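Note sheet for the following structure.
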Amino acid sequence: MLVTSSCCIMDPEAAQTARESLDLAFHMSNILDTGLDRHTLSVLIALCDLGLNPEALAAVVKELQREPPPSTPLSSSSSQVP
């Protein structure tokens, strides 16, 4: 991958290889029923490429998947009927 000061430029062959690698990782992710979407998986792979610990990332993902989604408080105007 070629890096310039303003952005990242990837040659077509490298881009194709990266897409194929992500496709394979996403397919394995689906087989393992991880619940990760393609974008999230690509972000996690990029973080690993930057040197973050994969086991630590996995622990964070597991913790986030265990947390209930944030509840949305009802606004007072929608819960009260005049």
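Starting from 1 in every chain, residues are counted up; chains themselves are A, B, ... following the order of the structure tokens, and ligands are numbered from 1 as listed.
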field: Shell of 9 Å around segment 58-73 of chain A, only C-alpha atoms, local chain residues under 5 positions omitted, as a PyMOL selection string
entry: chain A and resi 35+44+53
Could you please take those selected residues and save C-alpha atoms as an mmCIF file, in the first residue's frame?
```cif
data_model
loop_
_atom_site.group_PDB
_atom_site.id
_atom_site.type_symbol
_atom_site.label_atom_id
_atom_site.label_comp_id
_atom_site.auth_asym_id
_atom_site.auth_seq_id
_atom_site.Cartn_x
_atom_site.Cartn_y
_atom_site.Cartn_z
ATOM 1 C CA GLY A 35 -22.762 -11.287 14.446
ATOM 2 C CA LEU A 44 -11.214 -4.758 13.571
ATOM 3 C CA ASN A 53 -3.901 -6.859 20.464
#
```
Shell around Ile45 of chain A at 12 Å using only C-alpha atoms, local window under 3 positions removed, as a PyMOL selection string: chain A and resi 18+21-22+25-26+36+38-42+48-54+57-58
query: What is the atom CA of Leu24 of chain A-atom CA of Asp37 of chain A distance in Å, reported with one decimal?
result: 13.0 Å
query: Between atom CA of Ala46 of chain A and atom CA of Asn30 of chain A, what is the distance, to one decimal in Å?
result: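 Atom CA of Asn30 of chain A lies at a distance of 18.7 Å from atom CA of Ala46 of chain A.
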